[in-house]
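The structure under discussion appears below in the form of structure tokens.
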Amino acid sequence: MSERRLPAANGNQIAREFAELMTTKSSTVLIIDDDADIRELLRIVLEGEGYRVSLAADGLDALQQLRAGAHPALILLDLVTPRMHGEDFLKQLREGPCAKTPVIIMSGHNAAEKTSNELKVACCLPKPVEFEELLKTVKRFIPARSKKGV
């Protein structure tokens, strides 16, 4: 059996690829919302600031993505979604490899702030979400990537 040799890699190339991988991984925001229009609007706003975005219609969809290897740096979570309520999603999230991922709840309910405190999430944004407040809050957790790098 002959030994196969790979060509020597350029050290700078490896460093660039590793930096890109780490930046990509560390700047992904997972948006969980059952309203397709809201998901799309938030995606446009965040991608416009250089973030990578993944979308999920509900907690089950999001859990499938996480189990498939997704590792977002931040999760934006609508509490009330079909098939799986946000609280149930959080319980399962905290039992897996992404347990430490910060979660921001987005909700139009009056008790959302209280619920956020009880669920020990990073914070709560009231719906309708103001884009300026959204971006300011997201930037507290992960820096925006260069728009050139998107």
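Following the order of the structure tokens, chains are lettered A, B, ..., residues in each are numbered from 1, and ligands are numbered from 1.
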Skipping near chain neighbours, those fewer than 4 positions away, what residues fall within 9 Å of Ile105 (chain A) using only C-alpha atoms, listed as a VMD selection string? chain A and resid 75 to 79 86 112 to 113 116 121 to 126
Nearby residues (only C-alpha atoms) at most 12 Å from Arg67 (chain A), same-chain spacing under 6 positions excluded, as a PDB file with N, CA and C atoms, in the first residue's frame:
ATOM      1  N   LEU A  60     -38.464  23.101  16.787  1.00  0.00           N
ATOM      2  CA  LEU A  60     -38.083  21.799  16.227  1.00  0.00           C
ATOM      3  C   LEU A  60     -37.134  21.960  15.056  1.00  0.00           C
ATOM      4  N   ASP A  61     -37.435  22.895  14.179  1.00  0.00           N
ATOM      5  CA  ASP A  61     -36.556  23.176  13.047  1.00  0.00           C
ATOM      6  C   ASP A  61     -35.173  23.609  13.542  1.00  0.00           C
ATOM      7  N   GLN A  92     -34.342  22.079  25.870  1.00  0.00           N
ATOM      8  CA  GLN A  92     -33.543  21.138  25.079  1.00  0.00           C
ATOM      9  C   GLN A  92     -32.209  21.745  24.658  1.00  0.00           C
ATOM     10  N   LEU A  93     -32.211  23.031  24.344  1.00  0.00           N
ATOM     11  CA  LEU A  93     -30.964  23.708  23.985  1.00  0.00           C
ATOM     12  C   LEU A  93     -29.951  23.577  25.119  1.00  0.00           C
ATOM     13  N   GLU A  95     -29.533  21.373  27.225  1.00  0.00           N
ATOM     14  CA  GLU A  95     -29.063  20.006  27.470  1.00  0.00           C
ATOM     15  C   GLU A  95     -28.067  19.550  26.410  1.00  0.00           C
ATOM     16  N   GLY A  96     -27.788  20.397  25.424  1.00  0.00           N
ATOM     17  CA  GLY A  96     -26.927  20.005  24.311  1.00  0.00           C
ATOM     18  C   GLY A  96     -25.629  20.784  24.255  1.00  0.00           C
ATOM     19  N   PRO A  97     -24.882  20.597  23.167  1.00  0.00           N
ATOM     20  CA  PRO A  97     -23.570  21.233  23.025  1.00  0.00           C
ATOM     21  C   PRO A  97     -23.618  22.756  22.877  1.00  0.00           C
ATOM     22  N   CYS A  98     -24.778  23.310  22.566  1.00  0.00           N
ATOM     23  CA  CYS A  98     -24.909  24.770  22.416  1.00  0.00           C
ATOM     24  C   CYS A  98     -25.545  25.407  23.650  1.00  0.00           C
TER      25      CYS A  98
END
Rank nothing, just name the residue among A:Ala111, A:Leu46, A:Met106, A:Ala70 nearest to Lys139 (chain A), using only C-alpha atoms.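 Result for the nearest residue to Lys139 (chain A): A:Leu46.
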Close residues, His71 (chain A) itself excluded, 9 Å, only C-alpha atoms, min 3 positions apart in chain, as a list in words: Lys25, Ser26, Thr28, Leu30, Gln65, Leu66, Leu74, Pro97, Cys98 and Thr101 of chain A
One-decimal distance in Å that lies between CA of Leu119 (chain A) and CA of Asp34 (chain A): 20.1 Å
